[in-house]
Amino acid sequence: MNLVEWIDNSRDQHLAELCEFLRIPSISAQSEHKPDIERGARWVADHLLSAGFNTVEIVPTNLHPLVYAESLEAPGQPTLLFYGHYDVQPPEPLELWTSPAFEPTVRNGNLFGRGTADDKGQVHIHLKALESLKKVNGKLPINVKVLIEGEEEVGSVSLWDYVKKNKAKLKADALVVSDTSMLARGVPSITYGLRGLNYYQIELTGPERDLHSGVYGGAVPNPLTILTELLAKLHDKNFRVTVPGFYDQVAKLSKAERKALNALPWKRKDFEKTVGAPGYCGEKGFTTVERLWTRPTLELNGMWGGYQGEGAKTVIPSKAFAKFSTRLVPNQDPKKIAQLVEKHIRKLLPKTVHCKFDVLSRGKPWAAPYHNPIFQKAQAALEKGFGKRAVFIREGGSIPFVTQMYDTFKVPCVLIGFGLPDENAHAPDEHMALENYFLGIKAIAHFYADLATR
Ligand code: BES
Ligand code: MN
Ligand code: MN
C-alpha cells in the first residue's frame, strides 16, 4: 500500500483516536485538572511510542509535564523539531456549548470540542502523518524530535528553563509547528510572524474598607470610577495607545511586505461575519490586516470590583481590578514596554488611590524571512495535500516557544496552520473542519517525506 492509500484507509481510526485525545480535559489553568494534565501527557507519550518513536520521555517541570521524543535513525538526513501543546483553554461558559466541550461531536463536517483546533487536532495531524510514514516505509525518512508541552495556554512558564538546559538535545535544522490558522477555507497558509504578549493586572485601593455609599459617597475616592477613567485614557480618538514611547521601536513595514500582505485573499466579509459586531474600529492609517498582524495593541481583558450580585447594593468598594495586555510587534522590547506602561499608569492615577501593578507574563514578537528552501518544500507539500498554492501570512496571536527557539538557534521556523479563523479557539463551540484535519495528515506526511535528500 502506498502512503496516500494508507492514510485514506485509516480515516475512521484516526478520527476515533483523536476523539479519545479530546476527551481528556487537560486544562492547564485549573489546578483541579492536574490529573487530566498528567493523563494528557501520558496519552501523548503512549501514542508517540506507537508511532514508532523509540525514545519517549515525560519530563516533569515546576508546573505541567512536557513530552519529548526522538527518532534519529536517518543518518545524513535533516533533523526536524516538531512542537505543539496538549493543554487546552478552560471550556467556560459551559452553557454556550451546543455539545459538551469534552465530548467530541461531528456536525456538518466539523469536529466540535475543546482542543480540536487549538491544538490537539493539529498535534494529532503530525502524530498520524509520522505513524503512517513509519508503517508504510518501515522507518521515518528524516530525523525527528518532538516536544509537546502542557503549559502553552498559561504562557509556557517552565519551557524556557527546559530549553536553556537542553540546547544540544533540542538542536535541529528547523522547527515545525502547527498551532496557527489558515487565511481562509481552501487557502493553505504558512505563518512567518506572530505578535508577542505582555499581560498585566492592576489593583486599585481607595478606602481601607467597603463603605455605605450614602453615608460616605461624595467625600471619598471611588476606585471603580478612578479605574474606568484610567482605562479610558489608554487610547486616543484614533485608537492609538497613549503610553509615551509605545510605538518608538515599532519596525516600519517595507513597501513590498505591505503590498504582499494587503494582496492576500483575505475577505473582509468573512472577518465581519466571524466577529459579528455592529461596527468596526482600529488604529487610523492602517488596513485591517495590518492592524491585526503588524501593529501593537493594548486590550482590556477583564475588570471587576464592587457589587455584581442580584438586586442593588449601595456600596463604595475598597478595591477595583483590571486585567489587560499588550500585543507586541518587531522590534518592541517586552521589558521596556512593561516599564513604559507601568510608568504611564502611575502618572495618570490620582493620589487618592494606591495601585498594585503586576506583570503576569512577557513575550517577544517574532517575524522572520522565509527564503530558506524548507519553506518552498512546505509550500509544495501543502499543494500536494490541498491542491492549492500556500500563501505566506503573519498572525496576531502568540506562541512563546517559537520566539524562544528562533532567538536561541536562529533556525527556520515553519508554522503550518490547519485551523480556521472562525473555529472559535478559546471560545464555546470550538471546532475543526474535518477536511483540513484529513488533508493536513496527507500534506504533513508529504512534507516529512520530501525533506529527505535521497
Ligand atoms: N495557538 C494559539 C496562538 C495562535 C492562534 C497563533 C492563532 C496564531 C493564530 C496559542 O495556543 C495561544 O492561544 N496563545 C496565547 C498566548 C499564551 C502566552 C497564553 C495567545 O495568543 O493569547
Ligand atoms: Mn495553541
Ligand atoms: Mn490557545
# chains A, B, ... in the order shown; residues from 1 in each chain; ligands from 1

$ residues_around --residues "Val289 in chain A" --least-positions-apart "2" --cutoff "12 Å" --atoms "only C-alpha atoms" --output "ChimeraX atom specification"
/A:183,257-268,271,282-283,285-287,291-295,393-396

$ residues_near_ligand --ligand "ligand 2" --cutoff "8 Å" --atoms "only C-alpha atoms and all ligand atoms" --output "number ranges by chain"
A: 84-85, 88, 117-119, 152-153, 179-180, 399

$ select_by_dssp --residues "range 35-135 of chain A" --states "alpha helix (DSSP H)" --output "ChimeraX atom specification"
/A:35-50,120-135

$ atom_distance --atom1 "CA of Ala168 in chain A" --atom2 "CA of Thr79 in chain A"
12.5 Å

$ closest_atom_pairs --of "chain A" --to "ligand 1" --cutoff "10 Å" --atoms "only C-alpha atoms and all ligand atoms" --output "tab-separated table"
residue	atom	partner	partner_atom_place_in_ligand_line	distance
A:Gly84	CA	ligand 1	1 (N)	8.9
A:His85	CA	ligand 1	11 (O)	7.7
A:Tyr86	CA	ligand 1	11 (O)	9.8
A:Asp87	CA	ligand 1	11 (O)	8.8
A:Val88	CA	ligand 1	11 (O)	7.9
A:Gln89	CA	ligand 1	13 (O)	8.1
A:Gly115	CA	ligand 1	11 (O)	9.5
A:Ala117	CA	ligand 1	1 (N)	8.3
A:Asp118	CA	ligand 1	1 (N)	5.5
A:Asp119	CA	ligand 1	1 (N)	6.5
A:Gln122	CA	ligand 1	1 (N)	9.8
A:Glu151	CA	ligand 1	19 (C)	8.6
A:Glu152	CA	ligand 1	17 (C)	5.9
A:Glu153	CA	ligand 1	19 (C)	4.3
A:Val154	CA	ligand 1	19 (C)	4.9
A:Gly155	CA	ligand 1	18 (C)	3.7
A:Ser156	CA	ligand 1	18 (C)	6.7
A:Val157	CA	ligand 1	18 (C)	8.8
A:Val177	CA	ligand 1	1 (N)	9.8
A:Ser178	CA	ligand 1	1 (N)	8.3
A:Asp179	CA	ligand 1	1 (N)	4.5
A:Thr180	CA	ligand 1	9 (C)	4.1
A:Ser181	CA	ligand 1	9 (C)	5.4
A:Met182	CA	ligand 1	9 (C)	8.7
A:Leu183	CA	ligand 1	9 (C)	9.8
A:Thr191	CA	ligand 1	8 (C)	8.1
A:Gly193	CA	ligand 1	8 (C)	8.8
A:Leu194	CA	ligand 1	8 (C)	6.6
A:Arg195	CA	ligand 1	21 (O)	7.9
A:Gly196	CA	ligand 1	21 (O)	8.0
A:Leu197	CA	ligand 1	18 (C)	6.5
A:Asn198	CA	ligand 1	18 (C)	8.4
A:Tyr199	CA	ligand 1	18 (C)	8.6
A:Trp293	CA	ligand 1	8 (C)	9.6
A:Ser325	CA	ligand 1	22 (O)	9.4
A:Arg327	CA	ligand 1	21 (O)	8.7
A:Ser361	CA	ligand 1	18 (C)	7.7
A:Arg362	CA	ligand 1	18 (C)	8.2
A:Gly363	CA	ligand 1	18 (C)	7.3
A:Arg394	CA	ligand 1	8 (C)	8.2
A:Glu395	CA	ligand 1	8 (C)	5.2
A:Gly396	CA	ligand 1	8 (C)	6.0
A:Gly397	CA	ligand 1	21 (O)	3.8
A:Ser398	CA	ligand 1	21 (O)	3.7
A:Ile399	CA	ligand 1	14 (N)	5.3
A:Pro400	CA	ligand 1	18 (C)	6.0
A:Phe401	CA	ligand 1	18 (C)	9.2
A:Leu415	CA	ligand 1	8 (C)	9.2
A:Gly417	CA	ligand 1	9 (C)	8.0
A:Gly419	CA	ligand 1	7 (C)	7.9
A:Leu420	CA	ligand 1	7 (C)	8.7
A:Pro421	CA	ligand 1	7 (C)	7.5
A:Ala425	CA	ligand 1	5 (C)	7.6
A:His426	CA	ligand 1	13 (O)	7.2

$ closest_residue --among "A:Arg114, A:Lys364, A:Lys145, A:Lys164" --to "ligand 3" --atoms "only C-alpha atoms and all ligand atoms"
A:Arg114

$ atom_distance --atom1 "atom 1 (Mn, counted along the ligand's line) of ligand 3" --atom2 "CA of Ala443 in chain A"
22.8 Å

$ closest_residue --among "A:Asp248, A:Glu290, A:Asp8, A:Asp36" --to "Lys336 in chain A" --atoms "only C-alpha atoms"
A:Asp248

$ closest_residue --among "A:Val243, A:Ala174, A:Ala29, A:Leu230" --to "ligand 3" --atoms "only C-alpha atoms and all ligand atoms"
A:Ala29

$ residues_around --residues "range 344-359 of chain A" --least-positions-apart "5" --cutoff "7 Å" --atoms "only C-alpha atoms" --output "tab-separated table (two decimals) with N, CA and C atoms, in the first residue's frame"
chain	number	residue	atom	x	y	z
A	199	TYR	N	1.26	40.57	29.65
A	199	TYR	CA	-0.03	40.52	30.36
A	199	TYR	C	0.11	41.21	31.71
A	200	TYR	N	-0.85	42.09	32.04
A	200	TYR	CA	-0.77	42.89	33.26
A	200	TYR	C	-2.03	42.76	34.11
A	201	GLN	N	-1.85	43.00	35.40
A	201	GLN	CA	-3.01	43.12	36.29
A	201	GLN	C	-2.79	44.28	37.23
A	202	ILE	N	-3.84	45.09	37.42
A	202	ILE	CA	-3.72	46.17	38.40
A	202	ILE	C	-4.81	46.05	39.45
A	203	GLU	N	-4.45	46.51	40.65
A	203	GLU	CA	-5.38	46.51	41.77
A	203	GLU	C	-5.33	47.90	42.38
A	204	LEU	N	-6.47	48.60	42.34
A	204	LEU	CA	-6.54	49.93	42.93
A	204	LEU	C	-7.22	49.83	44.28
A	205	THR	N	-6.66	50.50	45.28
A	205	THR	CA	-7.29	50.53	46.59
A	205	THR	C	-7.52	51.98	46.98
A	206	GLY	N	-8.78	52.28	47.31
A	206	GLY	CA	-9.11	53.62	47.80
A	206	GLY	C	-9.33	53.53	49.30
A	221	PRO	N	-12.79	58.88	47.58
A	221	PRO	CA	-12.49	58.39	46.22
A	221	PRO	C	-13.16	57.04	45.99
A	223	PRO	N	-12.67	53.78	43.84
A	223	PRO	CA	-11.66	53.15	42.97
A	223	PRO	C	-12.22	52.65	41.65
A	230	LEU	N	-9.12	55.86	34.25
A	230	LEU	CA	-7.75	55.50	33.86
A	230	LEU	C	-7.77	54.72	32.54
A	243	VAL	N	0.38	55.43	25.69
A	243	VAL	CA	1.60	55.27	26.51
A	243	VAL	C	2.77	55.91	25.77

$ select_by_dssp --residues "range 138-353 of chain A" --states "strand (DSSP E or B)" --output "short mmCIF file (atom, residue, chain, number, x, y, z; two decimals) with N, CA, C and O atoms, in the first residue's frame"
data_model
loop_
_atom_site.label_atom_id
_atom_site.label_comp_id
_atom_site.auth_asym_id
_atom_site.auth_seq_id
_atom_site.Cartn_x
_atom_site.Cartn_y
_atom_site.Cartn_z
N ASN A 143 15.23 12.57 10.48
CA ASN A 143 15.33 12.52 11.93
C ASN A 143 14.31 13.48 12.53
O ASN A 143 14.20 14.62 12.07
N VAL A 144 13.60 13.01 13.53
CA VAL A 144 12.53 13.84 14.09
C VAL A 144 12.64 13.89 15.61
O VAL A 144 12.79 12.86 16.28
N LYS A 145 12.60 15.11 16.14
CA LYS A 145 12.47 15.32 17.58
C LYS A 145 11.10 15.94 17.82
O LYS A 145 10.63 16.73 17.00
N VAL A 146 10.47 15.54 18.91
CA VAL A 146 9.12 16.04 19.17
C VAL A 146 9.06 16.61 20.59
O VAL A 146 9.56 15.99 21.53
N LEU A 147 8.48 17.79 20.71
CA LEU A 147 8.29 18.40 22.02
C LEU A 147 6.84 18.87 22.12
O LEU A 147 6.41 19.75 21.37
N ILE A 148 6.09 18.21 23.00
CA ILE A 148 4.67 18.58 23.17
C ILE A 148 4.51 19.03 24.63
O ILE A 148 4.68 18.22 25.54
N GLU A 149 4.18 20.30 24.83
CA GLU A 149 4.13 20.80 26.20
C GLU A 149 2.70 20.91 26.74
O GLU A 149 1.73 20.83 25.99
N ALA A 174 15.43 22.63 11.61
CA ALA A 174 14.28 23.52 11.50
C ALA A 174 13.26 23.15 12.56
O ALA A 174 13.24 22.02 13.06
N LEU A 175 12.44 24.14 12.91
CA LEU A 175 11.32 23.91 13.83
C LEU A 175 10.03 23.88 13.02
O LEU A 175 9.84 24.71 12.12
N VAL A 176 9.18 22.91 13.30
CA VAL A 176 7.88 22.83 12.63
C VAL A 176 6.78 22.90 13.68
O VAL A 176 6.85 22.20 14.70
N VAL A 177 5.81 23.77 13.45
CA VAL A 177 4.72 23.96 14.41
C VAL A 177 3.40 24.00 13.66
O VAL A 177 3.31 24.61 12.59
N SER A 181 -3.51 29.33 12.10
CA SER A 181 -4.69 29.18 11.25
C SER A 181 -4.34 29.29 9.77
O SER A 181 -3.28 29.79 9.42
N ALA A 184 -7.98 31.32 5.10
CA ALA A 184 -9.41 31.08 4.86
C ALA A 184 -9.56 29.63 4.40
O ALA A 184 -8.56 28.96 4.09
N VAL A 187 -7.39 27.81 1.61
CA VAL A 187 -6.15 28.58 1.39
C VAL A 187 -5.08 28.11 2.39
O VAL A 187 -4.93 28.67 3.47
N SER A 189 -1.81 27.86 4.43
CA SER A 189 -1.06 29.06 4.82
C SER A 189 0.15 28.72 5.68
O SER A 189 0.10 27.83 6.52
N ILE A 190 1.21 29.47 5.45
CA ILE A 190 2.42 29.36 6.26
C ILE A 190 2.62 30.71 6.95
O ILE A 190 2.65 31.75 6.29
N THR A 191 2.73 30.66 8.28
CA THR A 191 2.82 31.89 9.07
C THR A 191 4.29 32.23 9.33
O THR A 191 5.03 31.39 9.83
N TYR A 192 4.68 33.46 9.03
CA TYR A 192 6.08 33.85 9.27
C TYR A 192 6.20 34.97 10.31
O TYR A 192 7.30 35.48 10.53
N GLY A 193 5.11 35.32 10.96
CA GLY A 193 5.19 36.34 12.00
C GLY A 193 4.09 36.17 13.04
O GLY A 193 2.95 35.82 12.69
N LEU A 194 4.42 36.39 14.30
CA LEU A 194 3.45 36.34 15.40
C LEU A 194 3.67 37.57 16.27
O LEU A 194 4.79 38.08 16.34
N GLY A 196 4.00 39.36 19.99
CA GLY A 196 4.38 38.99 21.36
C GLY A 196 3.28 39.42 22.31
O GLY A 196 2.38 40.18 21.93
N LEU A 197 3.35 38.96 23.54
CA LEU A 197 2.29 39.26 24.50
C LEU A 197 2.85 39.61 25.87
O LEU A 197 3.63 38.84 26.45
N ASN A 198 2.48 40.78 26.37
CA ASN A 198 2.71 41.13 27.79
C ASN A 198 1.35 41.16 28.46
O ASN A 198 0.40 41.74 27.91
N TYR A 199 1.26 40.57 29.65
CA TYR A 199 -0.03 40.52 30.36
C TYR A 199 0.11 41.21 31.71
O TYR A 199 1.06 40.97 32.45
N TYR A 200 -0.85 42.09 32.04
CA TYR A 200 -0.77 42.89 33.26
C TYR A 200 -2.03 42.76 34.11
O TYR A 200 -3.11 42.48 33.59
N GLN A 201 -1.85 43.00 35.40
CA GLN A 201 -3.01 43.12 36.29
C GLN A 201 -2.79 44.28 37.23
O GLN A 201 -1.68 44.46 37.76
N ILE A 202 -3.84 45.09 37.42
CA ILE A 202 -3.72 46.17 38.40
C ILE A 202 -4.81 46.05 39.45
O ILE A 202 -5.92 45.57 39.19
N GLU A 203 -4.45 46.51 40.65
CA GLU A 203 -5.38 46.51 41.77
C GLU A 203 -5.33 47.90 42.38
O GLU A 203 -4.29 48.35 42.83
N LEU A 204 -6.47 48.60 42.34
CA LEU A 204 -6.54 49.93 42.93
C LEU A 204 -7.22 49.83 44.28
O LEU A 204 -8.26 49.18 44.40
N THR A 205 -6.66 50.50 45.28
CA THR A 205 -7.29 50.53 46.59
C THR A 205 -7.52 51.98 46.98
O THR A 205 -6.60 52.79 46.95
N LEU A 211 -17.56 50.85 51.90
CA LEU A 211 -18.29 51.89 52.64
C LEU A 211 -19.72 51.99 52.14
O LEU A 211 -20.02 51.74 50.97
N HIS A 212 -20.61 52.40 53.02
CA HIS A 212 -22.00 52.73 52.66
C HIS A 212 -21.94 53.93 51.72
O HIS A 212 -21.38 54.99 52.08
N HIS A 235 -6.28 54.93 25.26
CA HIS A 235 -6.33 55.07 23.79
C HIS A 235 -6.78 56.48 23.45
O HIS A 235 -7.54 57.09 24.20
N VAL A 241 -2.50 53.80 21.12
CA VAL A 241 -2.19 53.65 22.54
C VAL A 241 -1.45 54.90 23.00
O VAL A 241 -0.52 55.36 22.33
N THR A 297 -0.95 46.53 20.07
CA THR A 297 -2.23 46.94 20.64
C THR A 297 -2.17 46.89 22.16
O THR A 297 -1.26 46.29 22.74
N LEU A 298 -3.17 47.51 22.78
CA LEU A 298 -3.41 47.34 24.22
C LEU A 298 -4.88 46.97 24.33
O LEU A 298 -5.75 47.70 23.84
N GLU A 299 -5.17 45.81 24.92
CA GLU A 299 -6.56 45.37 25.06
C GLU A 299 -6.89 45.10 26.52
O GLU A 299 -6.13 44.47 27.23
N LEU A 300 -8.07 45.55 26.91
CA LEU A 300 -8.60 45.21 28.24
C LEU A 300 -9.12 43.79 28.19
O LEU A 300 -9.87 43.44 27.28
N ASN A 301 -8.76 42.95 29.16
CA ASN A 301 -9.22 41.57 29.14
C ASN A 301 -10.22 41.26 30.26
O ASN A 301 -10.90 40.24 30.21
N GLY A 302 -10.29 42.13 31.25
CA GLY A 302 -11.27 41.90 32.31
C GLY A 302 -11.18 43.03 33.32
O GLY A 302 -10.13 43.64 33.50
N MET A 303 -12.33 43.36 33.93
CA MET A 303 -12.30 44.36 35.01
C MET A 303 -13.41 44.01 35.99
O MET A 303 -14.47 43.53 35.59
N TRP A 304 -13.13 44.22 37.25
CA TRP A 304 -14.14 43.87 38.25
C TRP A 304 -13.95 44.67 39.53
O TRP A 304 -12.94 45.36 39.70
N GLY A 305 -14.94 44.55 40.37
CA GLY A 305 -14.92 45.28 41.64
C GLY A 305 -16.35 45.59 42.02
O GLY A 305 -17.26 45.53 41.19
N VAL A 315 -22.88 50.49 47.73
CA VAL A 315 -21.57 50.33 48.35
C VAL A 315 -20.51 51.10 47.55
O VAL A 315 -20.61 51.21 46.33
N ILE A 316 -19.55 51.65 48.23
CA ILE A 316 -18.33 52.15 47.57
C ILE A 316 -17.26 51.10 47.87
O ILE A 316 -16.88 50.90 49.03
N LYS A 319 -11.78 48.25 46.64
CA LYS A 319 -10.83 47.90 45.58
C LYS A 319 -11.48 47.79 44.21
O LYS A 319 -12.67 47.50 44.11
N ALA A 320 -10.67 47.99 43.19
CA ALA A 320 -11.10 47.76 41.80
C ALA A 320 -9.93 47.13 41.05
O ALA A 320 -8.77 47.43 41.32
N PHE A 321 -10.25 46.21 40.12
CA PHE A 321 -9.22 45.42 39.45
C PHE A 321 -9.38 45.46 37.94
O PHE A 321 -10.50 45.59 37.43
N ALA A 322 -8.28 45.28 37.24
CA ALA A 322 -8.36 45.09 35.79
C ALA A 322 -7.22 44.19 35.31
O ALA A 322 -6.12 44.20 35.89
N LYS A 323 -7.53 43.40 34.29
CA LYS A 323 -6.50 42.63 33.58
C LYS A 323 -6.45 43.19 32.17
O LYS A 323 -7.50 43.43 31.56
N PHE A 324 -5.26 43.43 31.68
CA PHE A 324 -5.13 43.90 30.30
C PHE A 324 -3.81 43.44 29.74
O PHE A 324 -2.94 42.93 30.46
N SER A 325 -3.67 43.54 28.42
CA SER A 325 -2.46 43.02 27.79
C SER A 325 -2.06 43.88 26.61
O SER A 325 -2.88 44.62 26.06
N THR A 326 -0.78 43.79 26.28
CA THR A 326 -0.33 44.46 25.06
C THR A 326 0.20 43.39 24.12
O THR A 326 0.92 42.48 24.53
N ARG A 327 -0.21 43.45 22.85
CA ARG A 327 0.38 42.60 21.80
C ARG A 327 1.51 43.40 21.17
O ARG A 327 1.34 44.58 20.85
N LEU A 328 2.65 42.75 20.99
CA LEU A 328 3.85 43.47 20.56
C LEU A 328 4.31 43.01 19.19
O LEU A 328 4.08 41.85 18.79
#

$ atom_distance --atom1 "CA of Ser71 in chain A" --atom2 "CA of Ala445 in chain A"
15.5 Å

$ residues_around --residues "Ala380 in chain A" --least-positions-apart "3" --cutoff "10 Å" --atoms "only C-alpha atoms" --output "mmCIF file with N, CA and C atoms, in the first residue's frame"
data_model
loop_
_atom_site.group_PDB
_atom_site.id
_atom_site.type_symbol
_atom_site.label_atom_id
_atom_site.label_comp_id
_atom_site.auth_asym_id
_atom_site.auth_seq_id
_atom_site.Cartn_x
_atom_site.Cartn_y
_atom_site.Cartn_z
ATOM 1 N N ILE A 374 13.394 25.192 2.851
ATOM 2 C CA ILE A 374 12.383 24.382 3.540
ATOM 3 C C ILE A 374 10.980 24.985 3.382
ATOM 4 N N PHE A 375 10.904 26.303 3.227
ATOM 5 C CA PHE A 375 9.592 26.929 3.066
ATOM 6 C C PHE A 375 8.960 26.568 1.727
ATOM 7 N N GLN A 376 9.817 26.457 0.697
ATOM 8 C CA GLN A 376 9.287 26.041 -0.607
ATOM 9 C C GLN A 376 8.837 24.582 -0.544
ATOM 10 N N LYS A 377 9.572 23.770 0.245
ATOM 11 C CA LYS A 377 9.160 22.368 0.404
ATOM 12 C C LYS A 377 7.825 22.274 1.138
ATOM 13 N N GLU A 383 0.571 21.952 -1.263
ATOM 14 C CA GLU A 383 -0.103 21.901 -2.560
ATOM 15 C C GLU A 383 -0.475 20.456 -2.916
ATOM 16 N N LYS A 384 0.424 19.520 -2.566
ATOM 17 C CA LYS A 384 0.100 18.102 -2.804
ATOM 18 C C LYS A 384 -1.124 17.679 -1.996
ATOM 19 N N GLY A 385 -1.215 18.155 -0.752
ATOM 20 C CA GLY A 385 -2.336 17.770 0.102
ATOM 21 C C GLY A 385 -3.625 18.476 -0.273
ATOM 22 N N PHE A 386 -3.550 19.790 -0.445
ATOM 23 C CA PHE A 386 -4.765 20.608 -0.596
ATOM 24 C C PHE A 386 -5.086 20.952 -2.052
ATOM 25 N N GLY A 387 -4.128 20.686 -2.961
ATOM 26 C CA GLY A 387 -4.370 21.029 -4.359
ATOM 27 C C GLY A 387 -4.403 22.530 -4.599
ATOM 28 N N LYS A 388 -3.888 23.302 -3.656
ATOM 29 C CA LYS A 388 -3.878 24.776 -3.791
ATOM 30 C C LYS A 388 -2.523 25.287 -3.342
ATOM 31 N N ARG A 389 -2.127 26.413 -3.918
ATOM 32 C CA ARG A 389 -0.857 27.004 -3.560
ATOM 33 C C ARG A 389 -0.946 27.688 -2.190
ATOM 34 N N ALA A 390 0.034 27.421 -1.336
ATOM 35 C CA ALA A 390 0.014 28.018 0.004
ATOM 36 C C ALA A 390 0.462 29.474 -0.045
ATOM 37 N N ALA A 443 -0.750 16.224 3.769
ATOM 38 C CA ALA A 443 0.233 17.268 3.456
ATOM 39 C C ALA A 443 1.475 17.134 4.336
ATOM 40 N N HIS A 446 3.619 14.164 3.320
ATOM 41 C CA HIS A 446 4.420 14.546 2.141
ATOM 42 C C HIS A 446 5.593 15.432 2.553
ATOM 43 N N PHE A 447 5.314 16.378 3.422
ATOM 44 C CA PHE A 447 6.351 17.326 3.849
ATOM 45 C C PHE A 447 7.533 16.579 4.465
ATOM 46 N N ASP A 450 9.339 14.487 1.816
ATOM 47 C CA ASP A 450 10.079 15.252 0.809
ATOM 48 C C ASP A 450 11.293 15.976 1.381
#

$ residues_around --residues "Lys410 in chain A" --least-positions-apart "6" --cutoff "12 Å" --atoms "only C-alpha atoms" --output "PyMOL selection string"
chain A and resi 171-175+366-369+372+402-404

$ residues_around --residues "Ile37 in chain A" --least-positions-apart "5" --cutoff "12 Å" --atoms "only C-alpha atoms" --output "number ranges by chain"
A: 21-32, 42-44, 58, 60, 63-67, 85-89, 149-151
